[in-house]
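The file start28.txt contains compact mmCIF, N, CA and C atoms:
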```txt
# COMPACT_ATOMS: atom_id res chain seq x y z
N MET A 9 -54.40 -51.16 90.06
CA MET A 9 -53.35 -50.32 89.53
C MET A 9 -53.72 -48.86 89.76
N PRO A 10 -52.86 -48.09 90.42
CA PRO A 10 -53.17 -46.69 90.67
C PRO A 10 -53.20 -45.89 89.37
N ALA A 11 -54.13 -44.99 89.30
CA ALA A 11 -54.27 -44.15 88.12
C ALA A 11 -54.51 -42.71 88.55
N TYR A 12 -54.08 -41.80 87.71
CA TYR A 12 -54.29 -40.38 87.99
C TYR A 12 -54.52 -39.65 86.68
N GLN A 13 -55.03 -38.44 86.76
CA GLN A 13 -55.29 -37.66 85.56
C GLN A 13 -54.19 -36.62 85.37
N GLN A 14 -53.84 -36.43 84.10
CA GLN A 14 -52.82 -35.45 83.75
C GLN A 14 -53.25 -34.77 82.46
N LYS A 15 -52.85 -33.52 82.27
CA LYS A 15 -53.20 -32.80 81.04
C LYS A 15 -52.48 -33.41 79.84
N CYS A 16 -53.17 -33.38 78.71
CA CYS A 16 -52.60 -33.85 77.44
C CYS A 16 -51.33 -33.06 77.14
N ILE A 17 -50.27 -33.73 76.73
CA ILE A 17 -49.00 -33.05 76.47
C ILE A 17 -49.00 -32.32 75.13
N VAL A 18 -50.01 -32.55 74.30
CA VAL A 18 -50.07 -31.90 73.00
C VAL A 18 -50.92 -30.63 73.07
N CYS A 19 -52.19 -30.78 73.48
CA CYS A 19 -53.10 -29.63 73.46
C CYS A 19 -53.15 -28.88 74.80
N ARG A 20 -52.74 -29.52 75.88
CA ARG A 20 -52.75 -28.92 77.22
C ARG A 20 -54.14 -28.50 77.69
N LYS A 21 -55.19 -29.11 77.12
CA LYS A 21 -56.57 -28.78 77.51
C LYS A 21 -57.25 -29.96 78.17
N ASN A 22 -57.26 -31.10 77.48
CA ASN A 22 -58.00 -32.27 77.95
C ASN A 22 -57.21 -33.05 78.99
N MET A 23 -57.93 -33.66 79.91
CA MET A 23 -57.31 -34.50 80.93
C MET A 23 -57.31 -35.95 80.43
N VAL A 24 -56.23 -36.66 80.73
CA VAL A 24 -56.04 -38.03 80.29
C VAL A 24 -55.76 -38.89 81.52
N LEU A 25 -56.38 -40.07 81.56
CA LEU A 25 -56.15 -41.01 82.65
C LEU A 25 -54.82 -41.73 82.39
N VAL A 26 -53.87 -41.58 83.30
CA VAL A 26 -52.55 -42.17 83.17
C VAL A 26 -52.42 -43.27 84.21
N GLN A 27 -51.94 -44.44 83.76
CA GLN A 27 -51.83 -45.58 84.67
C GLN A 27 -50.40 -46.00 84.93
N ASN A 28 -49.46 -45.38 84.21
CA ASN A 28 -48.07 -45.75 84.35
C ASN A 28 -47.23 -44.49 84.19
N ARG A 29 -46.16 -44.36 84.92
CA ARG A 29 -45.36 -43.13 84.85
C ARG A 29 -44.66 -42.99 83.51
N ARG A 30 -44.49 -44.07 82.76
CA ARG A 30 -43.86 -44.01 81.45
C ARG A 30 -44.85 -43.71 80.32
N GLN A 31 -46.12 -43.74 80.61
CA GLN A 31 -47.16 -43.50 79.61
C GLN A 31 -47.22 -42.02 79.25
N LYS A 32 -47.27 -41.74 77.96
CA LYS A 32 -47.40 -40.35 77.51
C LYS A 32 -48.86 -39.97 77.51
N PRO A 33 -49.25 -38.94 78.25
CA PRO A 33 -50.66 -38.54 78.29
C PRO A 33 -51.05 -37.78 77.02
N ILE A 34 -51.71 -38.47 76.10
CA ILE A 34 -52.20 -37.85 74.87
C ILE A 34 -53.68 -38.16 74.76
N CYS A 35 -54.50 -37.12 74.61
CA CYS A 35 -55.95 -37.31 74.54
C CYS A 35 -56.33 -37.94 73.19
N GLY A 36 -57.56 -38.41 73.10
CA GLY A 36 -58.03 -39.08 71.89
C GLY A 36 -58.01 -38.21 70.65
N GLU A 37 -58.41 -36.95 70.79
CA GLU A 37 -58.44 -36.06 69.63
C GLU A 37 -57.03 -35.79 69.09
N CYS A 38 -56.09 -35.54 69.98
CA CYS A 38 -54.71 -35.28 69.55
C CYS A 38 -54.09 -36.54 68.94
N TRP A 39 -54.42 -37.69 69.51
CA TRP A 39 -53.91 -38.95 68.97
C TRP A 39 -54.39 -39.15 67.54
N LYS A 40 -55.68 -38.86 67.29
CA LYS A 40 -56.22 -39.01 65.93
C LYS A 40 -55.52 -38.07 64.96
N ARG A 41 -55.29 -36.83 65.39
CA ARG A 41 -54.61 -35.86 64.52
C ARG A 41 -53.18 -36.30 64.21
N GLN A 42 -52.48 -36.82 65.20
CA GLN A 42 -51.09 -37.22 65.01
C GLN A 42 -50.98 -38.44 64.10
N ASN A 43 -51.88 -39.38 64.25
CA ASN A 43 -51.78 -40.63 63.50
C ASN A 43 -52.53 -40.60 62.17
N GLN A 44 -53.34 -39.60 61.97
CA GLN A 44 -54.09 -39.42 60.73
C GLN A 44 -54.79 -40.70 60.27
N VAL A 45 -55.49 -41.31 61.21
CA VAL A 45 -56.24 -42.54 60.92
C VAL A 45 -57.71 -42.26 61.17
N ASP A 46 -58.56 -42.62 60.21
CA ASP A 46 -59.99 -42.48 60.39
C ASP A 46 -60.50 -43.70 61.16
N MET A 47 -60.75 -43.51 62.46
CA MET A 47 -61.16 -44.63 63.30
C MET A 47 -62.58 -45.12 62.98
N ASN A 48 -63.33 -44.36 62.18
CA ASN A 48 -64.68 -44.77 61.80
C ASN A 48 -64.70 -45.45 60.45
N GLN A 49 -63.55 -45.82 59.96
CA GLN A 49 -63.43 -46.49 58.67
C GLN A 49 -64.22 -47.80 58.68
N GLU A 50 -64.77 -48.17 57.54
CA GLU A 50 -65.56 -49.40 57.43
C GLU A 50 -64.66 -50.62 57.52
N ILE A 51 -65.03 -51.57 58.39
CA ILE A 51 -64.30 -52.84 58.54
C ILE A 51 -65.11 -53.91 57.84
N LYS A 52 -64.49 -54.60 56.89
CA LYS A 52 -65.22 -55.55 56.06
C LYS A 52 -65.33 -56.94 56.68
N ASP A 53 -64.32 -57.38 57.41
CA ASP A 53 -64.34 -58.70 58.03
C ASP A 53 -65.36 -58.71 59.17
N PRO A 54 -66.40 -59.56 59.09
CA PRO A 54 -67.46 -59.53 60.11
C PRO A 54 -66.95 -59.88 61.52
N GLU A 55 -65.98 -60.78 61.61
CA GLU A 55 -65.44 -61.15 62.92
C GLU A 55 -64.72 -59.97 63.57
N MET A 56 -63.91 -59.27 62.79
CA MET A 56 -63.19 -58.10 63.31
C MET A 56 -64.16 -56.94 63.58
N LYS A 57 -65.17 -56.82 62.74
CA LYS A 57 -66.16 -55.76 62.93
C LYS A 57 -66.85 -55.93 64.27
N LYS A 58 -67.18 -57.17 64.60
CA LYS A 58 -67.83 -57.47 65.88
C LYS A 58 -66.88 -57.19 67.05
N MET A 59 -65.59 -57.54 66.86
CA MET A 59 -64.60 -57.34 67.92
C MET A 59 -64.39 -55.85 68.21
N PHE A 60 -64.30 -55.02 67.17
CA PHE A 60 -64.04 -53.60 67.34
C PHE A 60 -65.29 -52.78 67.66
N ASP A 61 -66.45 -53.41 67.67
CA ASP A 61 -67.70 -52.71 67.99
C ASP A 61 -67.89 -52.67 69.51
N ILE A 62 -67.15 -51.76 70.14
CA ILE A 62 -67.23 -51.59 71.58
C ILE A 62 -67.60 -50.14 71.88
N ASP A 63 -67.82 -49.85 73.13
CA ASP A 63 -68.18 -48.49 73.57
C ASP A 63 -67.07 -47.50 73.19
N PRO A 64 -67.40 -46.42 72.49
CA PRO A 64 -66.39 -45.43 72.10
C PRO A 64 -65.64 -44.83 73.30
N GLU A 65 -66.26 -44.84 74.47
CA GLU A 65 -65.59 -44.32 75.66
C GLU A 65 -64.35 -45.15 76.01
N LEU A 66 -64.40 -46.45 75.71
CA LEU A 66 -63.23 -47.30 75.98
C LEU A 66 -62.06 -46.89 75.10
N TYR A 67 -62.34 -46.53 73.85
CA TYR A 67 -61.27 -46.06 72.96
C TYR A 67 -60.69 -44.74 73.47
N LYS A 68 -61.54 -43.88 74.03
CA LYS A 68 -61.06 -42.60 74.54
C LYS A 68 -60.15 -42.80 75.75
N LYS A 69 -60.48 -43.79 76.57
CA LYS A 69 -59.73 -44.02 77.80
C LYS A 69 -58.42 -44.77 77.57
N SER A 70 -58.36 -45.64 76.56
CA SER A 70 -57.21 -46.52 76.40
C SER A 70 -56.46 -46.29 75.09
N SER A 71 -55.23 -45.86 75.19
CA SER A 71 -54.40 -45.69 74.00
C SER A 71 -54.05 -47.05 73.41
N PHE A 72 -53.99 -48.09 74.25
CA PHE A 72 -53.70 -49.44 73.77
C PHE A 72 -54.77 -49.91 72.79
N LEU A 73 -56.04 -49.71 73.14
CA LEU A 73 -57.13 -50.12 72.25
C LEU A 73 -57.10 -49.35 70.95
N ARG A 74 -56.80 -48.05 71.01
CA ARG A 74 -56.69 -47.24 69.80
C ARG A 74 -55.55 -47.74 68.91
N ASP A 75 -54.43 -48.09 69.52
CA ASP A 75 -53.29 -48.57 68.74
C ASP A 75 -53.59 -49.90 68.06
N ILE A 76 -54.26 -50.80 68.74
CA ILE A 76 -54.60 -52.09 68.13
C ILE A 76 -55.54 -51.87 66.94
N LYS A 77 -56.55 -51.02 67.12
CA LYS A 77 -57.47 -50.76 66.02
C LYS A 77 -56.75 -50.08 64.86
N LYS A 78 -55.84 -49.17 65.16
CA LYS A 78 -55.05 -48.51 64.12
C LYS A 78 -54.22 -49.54 63.35
N GLN A 79 -53.60 -50.47 64.06
CA GLN A 79 -52.81 -51.50 63.41
C GLN A 79 -53.67 -52.32 62.45
N TYR A 80 -54.89 -52.62 62.86
CA TYR A 80 -55.77 -53.39 61.98
C TYR A 80 -56.17 -52.56 60.75
N LEU A 81 -56.52 -51.30 60.96
CA LEU A 81 -56.94 -50.45 59.84
C LEU A 81 -55.81 -50.22 58.85
N VAL A 82 -54.59 -50.12 59.32
CA VAL A 82 -53.45 -49.89 58.43
C VAL A 82 -53.02 -51.17 57.73
N ASN A 83 -52.90 -52.27 58.48
CA ASN A 83 -52.34 -53.51 57.93
C ASN A 83 -53.39 -54.53 57.51
N ASP A 84 -54.64 -54.34 57.90
CA ASP A 84 -55.75 -55.24 57.57
C ASP A 84 -55.54 -56.65 58.14
N MET A 85 -54.76 -56.74 59.22
CA MET A 85 -54.58 -58.03 59.90
C MET A 85 -54.01 -57.80 61.29
N LEU A 86 -54.25 -58.77 62.17
CA LEU A 86 -53.71 -58.75 63.53
C LEU A 86 -53.23 -60.15 63.87
N SER A 87 -52.24 -60.25 64.76
CA SER A 87 -51.79 -61.55 65.22
C SER A 87 -52.77 -62.08 66.27
N GLU A 88 -52.65 -63.35 66.57
CA GLU A 88 -53.53 -63.96 67.58
C GLU A 88 -53.28 -63.33 68.96
N LYS A 89 -52.03 -63.00 69.24
CA LYS A 89 -51.71 -62.39 70.54
C LYS A 89 -52.32 -61.00 70.66
N GLN A 90 -52.32 -60.23 69.56
CA GLN A 90 -52.93 -58.91 69.58
C GLN A 90 -54.43 -59.01 69.81
N ILE A 91 -55.07 -59.96 69.15
CA ILE A 91 -56.52 -60.16 69.30
C ILE A 91 -56.84 -60.56 70.74
N ALA A 92 -56.06 -61.50 71.29
CA ALA A 92 -56.29 -61.96 72.67
C ALA A 92 -56.09 -60.82 73.66
N ALA A 93 -55.05 -60.02 73.47
CA ALA A 93 -54.79 -58.90 74.37
C ALA A 93 -55.90 -57.86 74.28
N PHE A 94 -56.37 -57.56 73.07
CA PHE A 94 -57.46 -56.60 72.87
C PHE A 94 -58.71 -57.05 73.63
N LYS A 95 -59.08 -58.32 73.46
CA LYS A 95 -60.28 -58.84 74.12
C LYS A 95 -60.13 -58.82 75.63
N LYS A 96 -58.93 -59.14 76.12
CA LYS A 96 -58.69 -59.16 77.57
C LYS A 96 -58.83 -57.76 78.16
N VAL A 97 -58.26 -56.76 77.49
CA VAL A 97 -58.32 -55.39 77.99
C VAL A 97 -59.76 -54.87 77.96
N VAL A 98 -60.48 -55.16 76.88
CA VAL A 98 -61.88 -54.72 76.79
C VAL A 98 -62.70 -55.35 77.91
N GLU A 99 -62.47 -56.62 78.16
CA GLU A 99 -63.21 -57.31 79.23
C GLU A 99 -62.90 -56.69 80.60
N GLU A 100 -61.62 -56.42 80.86
CA GLU A 100 -61.24 -55.83 82.14
C GLU A 100 -61.82 -54.42 82.30
N MET A 101 -61.77 -53.63 81.23
CA MET A 101 -62.28 -52.25 81.31
C MET A 101 -63.78 -52.23 81.46
N SER A 102 -64.51 -53.17 80.83
CA SER A 102 -65.96 -53.17 80.98
C SER A 102 -66.39 -53.61 82.38
N LYS A 103 -65.61 -54.49 83.00
CA LYS A 103 -65.91 -54.87 84.38
C LYS A 103 -65.64 -53.72 85.32
N GLU A 104 -64.60 -52.96 85.04
CA GLU A 104 -64.18 -51.87 85.90
C GLU A 104 -65.11 -50.66 85.81
N GLU A 105 -65.72 -50.43 84.65
CA GLU A 105 -66.50 -49.23 84.39
C GLU A 105 -67.69 -49.03 85.32
N PRO A 106 -68.55 -50.03 85.59
CA PRO A 106 -69.72 -49.78 86.43
C PRO A 106 -69.39 -49.33 87.85
N SER A 107 -68.24 -49.75 88.38
CA SER A 107 -67.91 -49.41 89.75
C SER A 107 -67.50 -47.95 89.93
N GLU A 108 -67.12 -47.27 88.86
CA GLU A 108 -66.66 -45.88 88.96
C GLU A 108 -67.77 -44.89 89.13
```
Output the file's structure as structure tokens, nothing else.
Amino acid sequence: MPAYQQKCIVCRKNMVLVQNRRQKPICGECWKRQNQVDMNQEIKDPEMKKMFDIDPELYKKSSFLRDIKKQYLVNDMLSEKQIAAFKKVVEEMSKEEPSE
């Protein structure tokens, strides 16, 4: 999938990796400010804690991963499809990372 970098539409300082023309380029810091979610919040469920314990760089690169974690922190639950999609994206991004 072709990807390119574009400036964040909020702060106009940070560069964001965009993979789709419909994707809004918002950097991690601006996303946190807009959503007012503490991403370092304590997760009590050991299974979910293990799932969300990934490299922080992956969260910076993927708005999808940030959104899934936000959904869990707000609602304290995820569907099976959300969990499967999260794991699939993390696996694909970790395979892709060493080659860059």
* Pick the closest to A:Gln49 from A:Leu81, A:Ala11, A:Ile17, A:Leu86: which is it, counting only C-alpha atoms? ->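 Checking each of A:Leu81, A:Ala11, A:Ile17, A:Leu86 against A:Gln49, counting only C-alpha atoms, the winner is A:Leu81.
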Using only C-alpha atoms, which residues sit within 12 Å of stretch 65-71 of chain A once same-chain residues fewer than 5 positions away are excluded, as a short mmCIF file (atom, residue, chain, number, x, y, z; two decimals) with N, CA and C atoms, keeping the file's coordinate frame?
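Writing done, so here's around_33.cif:
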```cif
data_model
loop_
_atom_site.label_atom_id
_atom_site.label_comp_id
_atom_site.auth_asym_id
_atom_site.auth_seq_id
_atom_site.Cartn_x
_atom_site.Cartn_y
_atom_site.Cartn_z
N ALA A 11 -54.13 -44.99 89.30
CA ALA A 11 -54.27 -44.15 88.12
C ALA A 11 -54.51 -42.71 88.55
N GLN A 13 -55.03 -38.44 86.76
CA GLN A 13 -55.29 -37.66 85.56
C GLN A 13 -54.19 -36.62 85.37
N ASN A 22 -57.26 -31.10 77.48
CA ASN A 22 -58.00 -32.27 77.95
C ASN A 22 -57.21 -33.05 78.99
N MET A 23 -57.93 -33.66 79.91
CA MET A 23 -57.31 -34.50 80.93
C MET A 23 -57.31 -35.95 80.43
N VAL A 24 -56.23 -36.66 80.73
CA VAL A 24 -56.04 -38.03 80.29
C VAL A 24 -55.76 -38.89 81.52
N LEU A 25 -56.38 -40.07 81.56
CA LEU A 25 -56.15 -41.01 82.65
C LEU A 25 -54.82 -41.73 82.39
N VAL A 26 -53.87 -41.58 83.30
CA VAL A 26 -52.55 -42.17 83.17
C VAL A 26 -52.42 -43.27 84.21
N GLN A 27 -51.94 -44.44 83.76
CA GLN A 27 -51.83 -45.58 84.67
C GLN A 27 -50.40 -46.00 84.93
N GLN A 31 -46.12 -43.74 80.61
CA GLN A 31 -47.16 -43.50 79.61
C GLN A 31 -47.22 -42.02 79.25
N LYS A 32 -47.27 -41.74 77.96
CA LYS A 32 -47.40 -40.35 77.51
C LYS A 32 -48.86 -39.97 77.51
N PRO A 33 -49.25 -38.94 78.25
CA PRO A 33 -50.66 -38.54 78.29
C PRO A 33 -51.05 -37.78 77.02
N ILE A 34 -51.71 -38.47 76.10
CA ILE A 34 -52.20 -37.85 74.87
C ILE A 34 -53.68 -38.16 74.76
N CYS A 35 -54.50 -37.12 74.61
CA CYS A 35 -55.95 -37.31 74.54
C CYS A 35 -56.33 -37.94 73.19
N GLY A 36 -57.56 -38.41 73.10
CA GLY A 36 -58.03 -39.08 71.89
C GLY A 36 -58.01 -38.21 70.65
N GLU A 37 -58.41 -36.95 70.79
CA GLU A 37 -58.44 -36.06 69.63
C GLU A 37 -57.03 -35.79 69.09
N CYS A 38 -56.09 -35.54 69.98
CA CYS A 38 -54.71 -35.28 69.55
C CYS A 38 -54.09 -36.54 68.94
N TRP A 39 -54.42 -37.69 69.51
CA TRP A 39 -53.91 -38.95 68.97
C TRP A 39 -54.39 -39.15 67.54
N LYS A 40 -55.68 -38.86 67.29
CA LYS A 40 -56.22 -39.01 65.93
C LYS A 40 -55.52 -38.07 64.96
N ASN A 43 -51.88 -39.38 64.25
CA ASN A 43 -51.78 -40.63 63.50
C ASN A 43 -52.53 -40.60 62.17
N MET A 47 -60.75 -43.51 62.46
CA MET A 47 -61.16 -44.63 63.30
C MET A 47 -62.58 -45.12 62.98
N ASN A 48 -63.33 -44.36 62.18
CA ASN A 48 -64.68 -44.77 61.80
C ASN A 48 -64.70 -45.45 60.45
N PHE A 60 -64.30 -55.02 67.17
CA PHE A 60 -64.04 -53.60 67.34
C PHE A 60 -65.29 -52.78 67.66
N ILE A 76 -54.26 -50.80 68.74
CA ILE A 76 -54.60 -52.09 68.13
C ILE A 76 -55.54 -51.87 66.94
N LYS A 77 -56.55 -51.02 67.12
CA LYS A 77 -57.47 -50.76 66.02
C LYS A 77 -56.75 -50.08 64.86
N LYS A 78 -55.84 -49.17 65.16
CA LYS A 78 -55.05 -48.51 64.12
C LYS A 78 -54.22 -49.54 63.35
N PHE A 94 -56.37 -57.56 73.07
CA PHE A 94 -57.46 -56.60 72.87
C PHE A 94 -58.71 -57.05 73.63
N VAL A 97 -58.26 -56.76 77.49
CA VAL A 97 -58.32 -55.39 77.99
C VAL A 97 -59.76 -54.87 77.96
N VAL A 98 -60.48 -55.16 76.88
CA VAL A 98 -61.88 -54.72 76.79
C VAL A 98 -62.70 -55.35 77.91
N GLU A 99 -62.47 -56.62 78.16
CA GLU A 99 -63.21 -57.31 79.23
C GLU A 99 -62.90 -56.69 80.60
N GLU A 100 -61.62 -56.42 80.86
CA GLU A 100 -61.24 -55.83 82.14
C GLU A 100 -61.82 -54.42 82.30
N MET A 101 -61.77 -53.63 81.23
CA MET A 101 -62.28 -52.25 81.31
C MET A 101 -63.78 -52.23 81.46
N SER A 102 -64.51 -53.17 80.83
CA SER A 102 -65.96 -53.17 80.98
C SER A 102 -66.39 -53.61 82.38
N LYS A 103 -65.61 -54.49 83.00
CA LYS A 103 -65.91 -54.87 84.38
C LYS A 103 -65.64 -53.72 85.32
N GLU A 104 -64.60 -52.96 85.04
CA GLU A 104 -64.18 -51.87 85.90
C GLU A 104 -65.11 -50.66 85.81
N GLU A 105 -65.72 -50.43 84.65
CA GLU A 105 -66.50 -49.23 84.39
C GLU A 105 -67.69 -49.03 85.32
#
```
* **Sel. of helix (DSSP H, G or I) residues, chain A, as JSON, numbers by chain** => {"A": [36, 37, 38, 39, 40, 41, 42, 43, 54, 55, 56, 57, 58, 59, 60, 64, 65, 66, 67, 68, 69, 71, 72, 73, 74, 75, 76, 77, 78, 79, 80, 81, 82, 83, 88, 89, 90, 91, 92, 93, 94, 95, 96, 97, 98, 99, 100, 101, 102, 103, 104, 105, 106, 107]}
* Residue contacts of A:Met59 (8 Å, only N, CA and C atoms) excluding same-chain residues fewer than 5 positions away, as a PyMOL selection string -> chain A and resi 53-54+94-95
* How far is it from atom N of A:Leu73 to atom C of A:Ala93, in Å with one decimal? -> 8.2 Å
* Asked: Could you state the separation of atom C of A:Asp46 and atom C of A:Asn83 in Å, given to one decimal place?
  -> 13.5 Å
* Looking only at strand (DSSP E) from DSSP on the backbone, list the matching residues of stretch 19-54 of chain A as JSON, numbers by chain. => {"A": [23, 24, 25, 26]}
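Atom C of A:Lys52 is positioned 16.4 Å from atom N of A:Ile91.
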